[in-house]
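Undergrad: Have a look at the structure that comes next, please.
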Amino acid sequence: MRSGGDGIMTVYDQHMHTLFSPDSSEEFENYLKQTPGLMVTTEHLDFNDCFRDGKDTVLDYENYSATIDQLNEKHGNRIRKGIEIGYTKESFDQIQDYLKGKEFDVQLLSVHQTSEYDFLQPVMKEKDVEDVMNEYFPLLLEAVTNFPTANVLAHFDYGIRLFAVSVEQLQGHESILKQVLQKVIDKQLALELNTRSMYQYGNVALYEQMIEWYVALGGKLVSLGSDAHSTDYYAYHFEDAFALLEKNGISSVTIFEKQQPTQLPLSEMKKNVK
Ligand SMILES: [Zn+2]
Ligand SMILES: [Zn+2]
């Protein structure tokens, strides 16, 4: 696939963070060393960030863009710009204001928190998992319904990463999850396979169930992302994710440039996976 950069399309990890996110200190250059081809980073935007005592986590777009422009001059246009938008109802207008006039290749849509807590904060562990699912999945549906410009629905299981949820328990929420998937399809988003969720947080069986429902509903667009905050997790367990996708009849992933989708065949990436 020839699509910018030096024309080499290799493994493309569509969910990664650098030091432009407060919870990462990784440098672009180190990611560039992982691949001879294109890459994208997807930095955090979380207003009223519960992990930072309610401070806003706002990507410094000017600096981010200038840094990428500089590196792109040096390295043959290999870096694309992305953002991971942490949706809350309360921050909807702030998010829209922030995005105005800014250009990203890809927008990930995430639900990380309510106005009171992030779903990965330790306080969550004291809650009943059914209560958490009854809270989280409607937020996901709200996000994907209301948000106008996203390209990818990220880590559908973020809210339950701290729990050992069985497939049977997930199936208890089939109706709302299928509504989420239907919205993803209707709005032509790609559904993310978050490989750290799958293989680090142990939720691979939940992803298998979601993909099965998604395909049955007619879903075709899938995004693959490690959610790396350092190069240690670059393309984390991608080979396992390729196998899962192929088992479900999916032979390519959807990647975005200036928010326009193209298909990247798994066969292309398989040649190059570490
Ligand atoms: Zn996230
Ligand atoms: Zn992330």
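Chain labels follow the order of the structure tokens: the first chain is A, the next B, and so on; residue numbering restarts at 1 in every chain, and ligands are counted from 1 in their shown order.
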Using only C-alpha atoms and all ligand atoms, which protein or nucleic acid residues are at most 7 Å from ligand 2, as a PDB file with C-alpha atoms, in the first residue's frame?

TA:
ATOM      1  CA  HIS A  15      -3.687   3.861  19.352  1.00  0.00           C
ATOM      2  CA  MET A  16      -0.453   5.142  20.911  1.00  0.00           C
ATOM      3  CA  HIS A  17       0.638   7.915  23.243  1.00  0.00           C
ATOM      4  CA  THR A  42      -3.411   9.475  19.567  1.00  0.00           C
ATOM      5  CA  HIS A  44      -5.311  12.440  25.360  1.00  0.00           C
ATOM      6  CA  GLU A  84      -8.090  10.291  21.870  1.00  0.00           C
ATOM      7  CA  ASP A 227      -2.858   1.779  23.638  1.00  0.00           C
TER       8      ASP A 227
END

Undergrad: Which protein, DNA or RNA residues have an atom within 9 Å of ligand 1, counting only C-alpha atoms and all ligand atoms, as a ChimeraX atom specification?

TA: /A:15,44,84-86,108-112,154-155,158,227

Undergrad: Rank nothing, just name the residue among A:Ser223, A:Ser166, A:Thr114, A:Gln34 nearest to Gln263 of chain A, using only C-alpha atoms.

TA: A:Ser223

Undergrad: What's around Leu193 of chain A at 9 Å? Count only C-alpha atoms, leave out sequence neighbours fewer than 3 positions away in its own chain, and write the answer as a ChimeraX atom specification.

TA: /A:154-156,196-198,207,211,222-226,241

Undergrad: Tell me which protein, DNA and RNA residues are within 12 Å of Asn63 of chain A, counting only C-alpha atoms, leaving out same-chain ones fewer than 5 positions away, and put them as a list of chain:residue names.

TA: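 Listing them by chain and then by number gives A:Leu19, A:Phe20, A:Val58, A:Ile68, A:Asp69, A:Gln70, A:Lys81.
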
Undergrad: Give the answer as one residue: which of A:Asn72, A:Gln169, A:Thr195, A:Ser91 has the shortest atom-to-atom distance to Asp46 of chain A, using only C-alpha atoms?

TA: A:Ser91

Undergrad: Determine which residues of segment 172-228 of chain A receive a DSSP assignment of strand (DSSP E or B), computed from the backbone, and state them as a list in words.

TA: Ala190, Leu191, Glu192, Leu193, Asn194, Val222, Ser223, Leu224, Gly225 and Ala228 of chain A

Undergrad: Using only C-alpha atoms, find the one residue out of A:Leu206, A:Ala216, A:Val273, A:Cys50 that sits nearest to Glu168 of chain A.

TA: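 Ranked by minimum distance to Glu168 of chain A, first place goes to A:Leu206.
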
Undergrad: Would you work out the distance separating atom CA of Glu126 of chain A from atom CA of Tyr233 of chain A, expressed in Å to one decimal?

TA: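 A separation of 28.9 Å between them.
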
Undergrad: Using DSSP on the backbone coordinates, identify all residues within segment 29-240 of chain A classified as helix (DSSP H, G or I); present the result as a PyMOL selection string.

TA: chain A and resi 29-32+50-52+61-75+92-99+122-126+129-146+158-160+167-171+174-186+195-199+204-216+231-233+238-240
